[in-house]
Each structure stands twice: as C-alpha cells, then as structure tokens.
Amino acid sequence: MTESILQSKLDKLFDDWEAAIDACPEISAEIKECFVRDGFYPGYLNQKCKVLFVARESLSVEGDYIKEVFDAYKSKRVGGKNINQYQFHALMMYIAYALNNNCFDWNSIPWAEKLCETFGTPSGLSFAFMNLSKFSNWSESSWQSNWNLINSSLKVSGNDSFIKQEIELLDPDVIITMNLDGNLSYLGEMRKVLNTTDINKYAYKVNGKEIPLYDMWHFSAPSKSPRGNYLEPLSKLV
C-alpha cells in the first residue's frame with residue numbers, strides 16, 4: 001500500500017467517524033466543531049519499525065493534527081518552544097529513533113531538533129500518531145486531560161470501533177500508549193504480559209497478528225525523566 005492510498009482510507013474513516021458524531025444528539029454543536037483528524041507523518045510506511053503513539057486528546061488544534069504538528073516539527077518549534085524543550089514531542093522522536101535503530105543509549109540518540117531536519121523525508125524518521133479522543137481541548141486554564149470531553153468522544157468512537165479501525169489501517173509494528181487511565185480496552189483486544197514500575201507491556205491483536213503495546217507514563221507527566229522513566233525501562237522490555 002502506498003501512503004496516498006492509506007491516507008485516502010483514513011480520510012474515508014474520518015468522514016464516517018465525523019458523520020456518526022454529527023448524528024449524536026447528546027453532543028453539542030460546539031463540541032462537534034472540535035473534531036480533529038490524525039494519522040501518520042510522511043515516510044511512515046518506509047520505517048523499519050512502524051511505531052504508533054496513542055495519546056489522550058489534542059490541545060487547541062483545529063482540523064488536521066498531523067499537518068499542524070508536522071509544520072511545527074519542520075520549524076523545530078512547538079508551542080513557541082524549541083522541540084528539545086517540549087518533552088511530549090521530543091520523547092516521541094527519541095523513542096521512534098531508538099526502536100528503528102536499535103539504539104537505546106541516551107547519549108547516542110540525536111537531539112529532537114536534529115531529527116526534525118530529516119523528519120518525514122525518505123531518509124528520515126517518521127511515526128504514526130493518534131489521540132484517544134477526536135475532540136480538541138481548548139481549555140487554557142489547565143493542562144490536565146478533560147475526561148468529560150474525552151468520554152463524549154469515546155461514547156461514539158467505541159460503539160462503532162472507529163479507534164480499532166484506525167489502528168488496523170495504520171498497521172503498526174509497535175504501539176506506545178501514554179497512560180490511558182483504564183481506557184486501553186477502546187483500542188481492541190489485548191492481553192497483559194508484564195507490569196513494571198514505569199511501563200506495562202501487553203500483546204495487542206491487530207490484523208491477525210500480535211504486536212507489543214507499551215503503556216507508559218503520559219509524555220507530559222511532570223517530574224518524569226525522559227531517560228530514566230521512559231527510554232531505559234523500554235530498553236529492558238524490548
């Protein structure tokens with residue numbers, strides 16, 4: 001499958017997803033307008049290890065998450081900060097690099113701003129990304145997840161298995177989730193393999209095969225070390 005065909009399939013899925021949400025009378029028109037699409041960055045299908053990151057919700061994003069964030073990556077700045085200083089996004093770069101290059105030595109992984117230079121190119125890094133909720137959180141008063149908003153998305157998304165369908169289309173080799181707070185079941189069928197202090201490992205069933213799923217701390221969690229709480233614990237499990 002080419003990336004253009006994959007994108008067409010995702011567009012069709014999101015059209016159906018948005019239509020299902022529009023038809024739900026319990027969701028306000030204001031919230032429906034916050035629907036955000038996600039998916040994969042250019043070069044995803046060329047990766048040795050196709051990594052899918054699953055977070056909770058987008059913050060202040062309109063329409064197309066991938067396009068908006070890709071443009072930010074190419075500028076090496078996200079939310080007004082150098083990407084090296086934005087742990088949420090930098091961590092995805094470091095983990096995707098580690099998995100694709102079998103390199104978990106912290107000092108050998110390039111800085112995120114360096115990885116941005118070739119990100120999304122034929123010779124560069126890429127990965128897929130999706131949020132559990134398809135509604136963007138526009139609250140400026142708190143960085144914490146808006147679970148009322150997330151649950152309003154899950155009420156529709158879970159019933160029609162839209163989340164599972166998106167994962168099936170992306171067909172990853174590894175899934176990294178960000179402390180989904182008991183909502184892993186919305187992703188589909190899986191069995192727990194191992195519990196550790198920082199990461200829980202699962203075997204996740206997708207497209208007739210089992211792949212590893214690692215549920216980590218949220219990438220924006222305060223007081224967590226990118227090296228000590230994410231990369232090094234992952235290296236032991238991988």
# chains A, B, ... in the order shown; residues from 1 in each chain; ligands from 1
>>> residues_around(residues="segment 103-115 of chain A", least_positions_apart="2", cutoff="8 Å", atoms="only C-alpha atoms", output="MDAnalysis selection string")
chainID A and resid 76 82:84 90 93:94 97:101 117:119 124:125 227 231:232 235
>>> write_last_selection(atoms="C-alpha atoms", output="PDB file, in the first residue's frame")
ATOM      1  CA  LYS A  76      11.820  22.776  15.141  1.00  0.00           C
ATOM      2  CA  ASN A  82      12.322  24.622  20.768  1.00  0.00           C
ATOM      3  CA  ILE A  83      11.244  20.994  20.351  1.00  0.00           C
ATOM      4  CA  ASN A  84      14.112  19.863  22.614  1.00  0.00           C
ATOM      5  CA  ALA A  90      10.747  15.195  21.854  1.00  0.00           C
ATOM      6  CA  MET A  93      11.239  11.416  18.405  1.00  0.00           C
ATOM      7  CA  TYR A  94      13.668   9.680  20.780  1.00  0.00           C
ATOM      8  CA  TYR A  97      14.564   6.619  16.762  1.00  0.00           C
ATOM      9  CA  ALA A  98      15.547   4.039  19.394  1.00  0.00           C
ATOM     10  CA  LEU A  99      13.135   1.427  18.058  1.00  0.00           C
ATOM     11  CA  ASN A 100      14.098   1.972  14.424  1.00  0.00           C
ATOM     12  CA  ASN A 101      17.839   1.966  15.040  1.00  0.00           C
ATOM     13  CA  GLU A 117      15.818  18.171   9.891  1.00  0.00           C
ATOM     14  CA  THR A 118      15.087  14.922   8.035  1.00  0.00           C
ATOM     15  CA  PHE A 119      11.785  14.041   9.714  1.00  0.00           C
ATOM     16  CA  GLY A 124      14.433  10.377   7.897  1.00  0.00           C
ATOM     17  CA  LEU A 125      12.391   9.352  10.891  1.00  0.00           C
ATOM     18  CA  ARG A 227      15.884   8.792  30.123  1.00  0.00           C
ATOM     19  CA  LEU A 231      13.781   5.099  27.408  1.00  0.00           C
ATOM     20  CA  GLU A 232      15.769   2.902  29.810  1.00  0.00           C
ATOM     21  CA  SER A 235      15.052  -0.871  26.501  1.00  0.00           C
TER      22      SER A 235
END
>>> closest_residue(among="A:Tyr202, A:Phe70, A:Phe14, A:Tyr65", to="Gly188 of chain A", atoms="only C-alpha atoms")
A:Tyr202
>>> atom_distance(atom1="atom CA of Ile199 of chain A", atom2="atom CA of Pro233 of chain A")
7.0 Å
>>> closest_residue(among="A:Trp147, A:Tyr204, A:Trp138, A:Trp217", to="Lys164 of chain A", atoms="only C-alpha atoms")
A:Tyr204
>>> closest_atom_pairs(of="segment 113-202 of chain A", to="segment 37-60 of chain A", cutoff="9 Å", atoms="only C-alpha atoms", output="tab-separated table")
residue	atom	partner	partner_atom	distance
A:Phe119	CA	A:Pro42	CA	8.2
A:Gly120	CA	A:Pro42	CA	4.6
A:Thr121	CA	A:Gly43	CA	6.0
A:Pro122	CA	A:Gly43	CA	5.8
A:Ser123	CA	A:Gly43	CA	8.3
A:Gly124	CA	A:Gly43	CA	7.5
A:Leu125	CA	A:Gly43	CA	7.3
A:Ser126	CA	A:Tyr44	CA	5.0
A:Phe127	CA	A:Tyr44	CA	5.2
A:Ala128	CA	A:Phe40	CA	3.9
A:Phe129	CA	A:Phe53	CA	4.8
A:Met130	CA	A:Val54	CA	5.1
A:Asn131	CA	A:Ala55	CA	4.7
A:Leu132	CA	A:Arg56	CA	4.8
A:Ser133	CA	A:Glu57	CA	5.2
A:Lys134	CA	A:Arg37	CA	6.8
A:Phe135	CA	A:Glu57	CA	6.8
A:Ser136	CA	A:Ser58	CA	4.8
A:Asn137	CA	A:Leu59	CA	4.8
A:Trp138	CA	A:Ser60	CA	4.7
A:Ser139	CA	A:Ser60	CA	7.7
A:Glu140	CA	A:Ser60	CA	8.6
A:Trp143	CA	A:Leu59	CA	8.6
A:Ser145	CA	A:Glu57	CA	7.3
A:Asn146	CA	A:Glu57	CA	8.2
A:Leu149	CA	A:Glu57	CA	8.9
A:Ile150	CA	A:Glu57	CA	7.0
A:Glu166	CA	A:Gly39	CA	7.9
A:Ile167	CA	A:Leu52	CA	8.3
A:Leu170	CA	A:Gly39	CA	7.5
A:Asp171	CA	A:Lys50	CA	8.0
A:Pro172	CA	A:Lys50	CA	5.0
A:Asp173	CA	A:Lys50	CA	5.1
A:Val174	CA	A:Val51	CA	5.0
A:Ile175	CA	A:Leu52	CA	4.8
A:Ile176	CA	A:Phe53	CA	4.8
A:Thr177	CA	A:Val54	CA	4.7
A:Met178	CA	A:Ala55	CA	5.3
A:Asn179	CA	A:Ala55	CA	7.9
A:Leu180	CA	A:Arg56	CA	6.6
>>> closest_residue(among="A:Ser28, A:Gln87, A:Ala96, A:Leu169", to="Ile5 of chain A", atoms="only C-alpha atoms")
A:Leu169
>>> residues_around(residues="Asp22 of chain A", least_positions_apart="5", cutoff="10 Å", atoms="only C-alpha atoms", output="compact mmCIF listing (two decimals) with N, CA, C and O atoms, in the first residue's frame")
# COMPACT_ATOMS: atom_id res chain seq x y z
N ASP A 16 -16.68 9.01 8.00
CA ASP A 16 -17.71 8.20 8.66
C ASP A 16 -17.75 8.49 10.16
O ASP A 16 -18.82 8.55 10.77
N TRP A 17 -16.59 8.67 10.74
CA TRP A 17 -16.45 8.95 12.17
C TRP A 17 -17.14 10.28 12.51
O TRP A 17 -17.93 10.37 13.46
N ILE A 27 -24.29 15.20 21.94
CA ILE A 27 -23.08 16.01 21.84
C ILE A 27 -23.44 17.37 21.25
O ILE A 27 -24.09 17.46 20.21
N SER A 28 -23.01 18.43 21.91
CA SER A 28 -23.37 19.78 21.48
C SER A 28 -22.69 20.14 20.16
O SER A 28 -21.64 19.59 19.81
N ALA A 29 -23.29 21.08 19.46
CA ALA A 29 -22.73 21.55 18.18
C ALA A 29 -21.36 22.16 18.39
O ALA A 29 -20.46 22.01 17.54
N ILE A 31 -19.06 21.28 20.58
CA ILE A 31 -18.06 20.22 20.72
C ILE A 31 -17.82 19.53 19.39
O ILE A 31 -16.68 19.20 19.04
N LYS A 32 -18.87 19.33 18.62
CA LYS A 32 -18.73 18.67 17.31
C LYS A 32 -17.77 19.43 16.40
O LYS A 32 -17.09 18.84 15.57
N GLU A 33 -17.74 20.74 16.56
CA GLU A 33 -16.86 21.56 15.74
C GLU A 33 -15.38 21.37 16.11
O GLU A 33 -14.49 21.81 15.38
N PHE A 35 -13.81 18.51 16.23
CA PHE A 35 -13.32 17.23 15.71
C PHE A 35 -11.97 17.41 15.02
O PHE A 35 -11.79 18.30 14.20
N VAL A 156 -19.10 7.63 21.22
CA VAL A 156 -19.41 7.32 19.82
C VAL A 156 -18.32 6.44 19.22
O VAL A 156 -18.59 5.45 18.55
